[in-house]
Amino acid sequence: MPHLQSRSLRVYADYLEYLDQTQLPQAEQWVRCNSPEEWQHAVKNLAIRGAPLIGLSAAFVLAQTAARHPNGDWQSVSDRLRATRPTAVNLMYCLDAMEACFEQGVAALAERAAELFAEDRELCQRMAERGADLLQSGDRVLTHCNTGALATAGVGTAIGALAIAKQRGVALHVYVDETRPLLQGGRLTAWEMADLDIPYQLIADSMAASLMAAGKVDKVMVGADRICANGDFANKVGTYMLAVAAHYHNVPFYVVAPYTTVDPACASGSDIPIEQRDAAEIRGASGAFGDVVWAPENAPVWNPAFDVTPATLVTAWVLDTGVFDAAAIARGEHCQGRGGRF
Ligand code: MRU
């Protein structure tokens, strides 16, 4: 029996199991992770993904590696984990919290990781309830990437809000952006919508603007990987394009995230490090359905995993700590989190 469990992570005494998100929805395959190297491999290929889940799983890997090597160089393990994906600040939040326990030893590290896991579950519940308060029966909500239980320890961020609304009996229709190039929407969000029994339609990312022009979108709700002091935020590439279209069509645009995604040290979006990924992801695709290449071999490629949406395009920032409008963001209210980092 795992000590702790979420939709995509099982924590045992000295190893982890993760639900391999590259295999969904074709197969629900749980894979054992015994080392920082195995974790790095899983995170780089997005078998483990989503800002909160990346941070939480890193915390457990660090605690378990320290227990296995009580006299090892824990700091260099943490440094290696930290460098695996640069954009989502939740990884840095979790590793900062773990490093602050180094002097207290192995048992404290295991405890701290478990606390972070429990905290994320609670944060999800709170932000999702606040997000659900913004939704009414009949709303047609467009979302991007995957922000559900697969990406967190709890109900999720933006999808969490949809899930709580559903529990409250609010009848929604969700448009799911397929989210090129790695199809987190088409593969994972579509699967979660079916699991939650929420009516949805899958669209290619390039269809969102014309869907808005046709008056078929009432709200956009997305997650975030890092929110800056000025309210700019990074999220899966394609989010910015949605925000521009929503602004043009007067569609409210909400970002839903825990305070652990806020980085007050980042003044604005231009300070966020954006991960660049392999050209093969754009020249073709690979996954449970096999490998396909459609572009000329060696076609030059630009492949940023995330983009930055400026604060001016956001209607409200829905955090566990509150719902903030532009004026509250300008006063820095979103930076007043409860965690050790602030
Ligand atoms: O590259 P991914 O799949 O890890 O990107 C995930 C996202 O962009 C999510 O929207 C973000 O992490 C917030 S979700 C909980």
# chains A, B, ... in the order shown; residues from 1 in each chain; ligands from 1

$ residues_around --residues "A:Tyr15" --least-positions-apart "5" --cutoff "10 Å" --atoms "only C-alpha atoms" --output "list in words"
Pro2, Arg10, Arg32, Cys33, Asn34, Ser35, Phe60, Val61, Ala63, Gln64 and Thr65 of chain A

$ residues_near_ligand --ligand "ligand 1" --cutoff "7 Å" --atoms "only C-alpha atoms and all ligand atoms" --output "number ranges by chain"
A: 46, 49-52, 88, 144-148, 151-152, 156-157, 184, 222-225, 235-236, 305-306

$ select_by_dssp --residues "stretch 157-327 of chain A" --states "strand (DSSP E or B)" --output "JSON, numbers by chain"
{"A": [173, 174, 175, 176, 177, 200, 201, 202, 203, 219, 220, 221, 222, 226, 227, 228, 233, 234, 235, 236, 253, 254, 255, 256, 257, 262, 263, 276, 284, 285, 292, 293, 304, 306, 307, 308, 309, 316, 317, 318, 319, 322, 323, 324]}

$ write_last_selection --atoms "N, CA and C atoms" --output "short mmCIF file (atom, residue, chain, number, x, y, z; two decimals), in the first residue's frame"
data_model
loop_
_atom_site.label_atom_id
_atom_site.label_comp_id
_atom_site.auth_asym_id
_atom_site.auth_seq_id
_atom_site.Cartn_x
_atom_site.Cartn_y
_atom_site.Cartn_z
N HIS A 173 -20.18 23.47 -20.50
CA HIS A 173 -19.68 22.82 -21.70
C HIS A 173 -18.23 23.28 -21.85
N VAL A 174 -17.31 22.34 -21.99
CA VAL A 174 -15.90 22.71 -22.03
C VAL A 174 -15.32 22.49 -23.42
N TYR A 175 -14.63 23.52 -23.92
CA TYR A 175 -13.85 23.36 -25.15
C TYR A 175 -12.41 23.08 -24.73
N VAL A 176 -11.88 21.99 -25.22
CA VAL A 176 -10.53 21.55 -24.85
C VAL A 176 -9.59 21.80 -26.02
N ASP A 177 -8.65 22.74 -25.83
CA ASP A 177 -7.60 22.96 -26.84
C ASP A 177 -6.71 21.73 -26.89
N TYR A 200 -17.78 17.91 -23.24
CA TYR A 200 -16.69 18.69 -23.83
C TYR A 200 -16.60 18.44 -25.32
N GLN A 201 -15.90 19.36 -25.98
CA GLN A 201 -15.51 19.15 -27.37
C GLN A 201 -14.05 19.49 -27.52
N LEU A 202 -13.34 18.65 -28.21
CA LEU A 202 -11.92 18.86 -28.47
C LEU A 202 -11.77 19.73 -29.72
N ILE A 203 -10.90 20.74 -29.63
CA ILE A 203 -10.64 21.56 -30.82
C ILE A 203 -9.13 21.64 -31.06
N LYS A 219 -16.12 31.96 -21.21
CA LYS A 219 -14.99 32.20 -20.31
C LYS A 219 -13.80 31.37 -20.75
N VAL A 220 -12.61 31.89 -20.48
CA VAL A 220 -11.40 31.07 -20.67
C VAL A 220 -10.79 30.87 -19.29
N MET A 221 -10.40 29.63 -18.98
CA MET A 221 -9.73 29.35 -17.70
C MET A 221 -8.50 28.50 -17.98
N VAL A 222 -7.35 28.99 -17.52
CA VAL A 222 -6.10 28.26 -17.73
C VAL A 222 -5.32 28.20 -16.43
N ARG A 226 4.28 30.02 -13.79
CA ARG A 226 4.95 31.04 -12.96
C ARG A 226 4.20 32.36 -13.14
N ILE A 227 3.83 32.98 -12.01
CA ILE A 227 3.16 34.28 -12.04
C ILE A 227 4.11 35.31 -11.44
N CYS A 228 4.33 36.39 -12.19
CA CYS A 228 5.31 37.41 -11.77
C CYS A 228 4.69 38.43 -10.82
N PHE A 233 2.23 36.12 -16.63
CA PHE A 233 2.44 34.73 -16.23
C PHE A 233 2.83 33.86 -17.42
N ALA A 234 3.57 32.80 -17.11
CA ALA A 234 3.94 31.79 -18.12
C ALA A 234 3.00 30.61 -17.98
N ASN A 235 2.59 30.08 -19.11
CA ASN A 235 1.83 28.83 -19.13
C ASN A 235 2.13 28.15 -20.46
N LYS A 236 1.57 27.00 -20.66
CA LYS A 236 1.82 26.22 -21.88
C LYS A 236 1.69 27.09 -23.13
N PHE A 253 -11.01 36.25 -19.12
CA PHE A 253 -9.87 35.33 -19.17
C PHE A 253 -9.31 35.17 -17.75
N TYR A 254 -9.42 33.96 -17.19
CA TYR A 254 -9.00 33.72 -15.80
C TYR A 254 -7.78 32.80 -15.76
N VAL A 255 -6.86 33.13 -14.85
CA VAL A 255 -5.74 32.22 -14.59
C VAL A 255 -5.90 31.68 -13.17
N VAL A 256 -5.82 30.36 -13.03
CA VAL A 256 -6.08 29.70 -11.74
C VAL A 256 -4.81 28.99 -11.30
N ALA A 257 -4.31 29.33 -10.10
CA ALA A 257 -3.03 28.75 -9.66
C ALA A 257 -2.90 28.84 -8.14
N VAL A 262 3.37 31.64 -7.63
CA VAL A 262 3.72 33.07 -7.68
C VAL A 262 5.21 33.22 -7.37
N ASP A 263 5.90 34.00 -8.18
CA ASP A 263 7.33 34.24 -7.95
C ASP A 263 7.57 35.75 -7.84
N GLN A 276 13.23 25.59 -23.84
CA GLN A 276 13.20 25.24 -25.28
C GLN A 276 13.29 23.73 -25.40
N GLY A 284 7.37 16.21 -35.98
CA GLY A 284 6.48 15.05 -35.99
C GLY A 284 5.96 14.81 -34.60
N ALA A 285 5.60 13.59 -34.29
CA ALA A 285 5.07 13.27 -32.97
C ALA A 285 5.46 11.85 -32.60
N VAL A 292 5.70 9.41 -35.77
CA VAL A 292 5.40 9.90 -37.12
C VAL A 292 6.28 11.13 -37.36
N VAL A 293 6.80 11.27 -38.55
CA VAL A 293 7.53 12.49 -38.91
C VAL A 293 6.89 13.02 -40.18
N PRO A 304 9.52 26.65 -28.10
CA PRO A 304 9.41 27.00 -26.68
C PRO A 304 8.25 26.23 -26.04
N PHE A 306 6.64 27.05 -23.35
CA PHE A 306 5.72 27.95 -22.66
C PHE A 306 5.71 29.31 -23.36
N ASP A 307 4.67 30.11 -23.11
CA ASP A 307 4.72 31.51 -23.51
C ASP A 307 4.26 32.38 -22.35
N VAL A 308 4.45 33.68 -22.51
CA VAL A 308 4.12 34.62 -21.44
C VAL A 308 2.90 35.44 -21.84
N THR A 309 1.92 35.48 -20.97
CA THR A 309 0.73 36.31 -21.18
C THR A 309 0.87 37.56 -20.31
N ALA A 316 -8.91 38.15 -14.17
CA ALA A 316 -8.65 37.94 -12.74
C ALA A 316 -7.71 36.76 -12.55
N TRP A 317 -6.94 36.84 -11.46
CA TRP A 317 -6.00 35.79 -11.06
C TRP A 317 -6.68 35.07 -9.88
N VAL A 318 -6.99 33.80 -10.08
CA VAL A 318 -7.70 33.05 -9.04
C VAL A 318 -6.68 32.19 -8.30
N LEU A 319 -6.33 32.61 -7.10
CA LEU A 319 -5.36 31.85 -6.29
C LEU A 319 -6.10 31.23 -5.11
N GLY A 322 -7.12 34.05 -2.78
CA GLY A 322 -8.13 35.05 -3.13
C GLY A 322 -8.25 35.20 -4.64
N VAL A 323 -9.24 35.98 -5.05
CA VAL A 323 -9.39 36.32 -6.47
C VAL A 323 -8.94 37.77 -6.63
N PHE A 324 -7.92 37.99 -7.45
CA PHE A 324 -7.28 39.30 -7.55
C PHE A 324 -7.57 39.93 -8.90
#

$ select_by_dssp --residues "stretch 102-332 of chain A" --states "alpha helix (DSSP H)" --output "ChimeraX atom specification"
/A:106-132,158-167,190-196,208-213,239-248,280-283,326-330

$ closest_residue --among "A:Leu62, A:Ile54, A:Ala190, A:Met127" --to "A:Cys101" --atoms "only C-alpha atoms"
A:Leu62

$ residues_around --residues "A:Arg82" --least-positions-apart "6" --cutoff "12 Å" --atoms "only C-alpha atoms" --output "number ranges by chain"
A: 36, 39-40, 43, 54-59, 61-62, 75-76, 88-96, 98-99
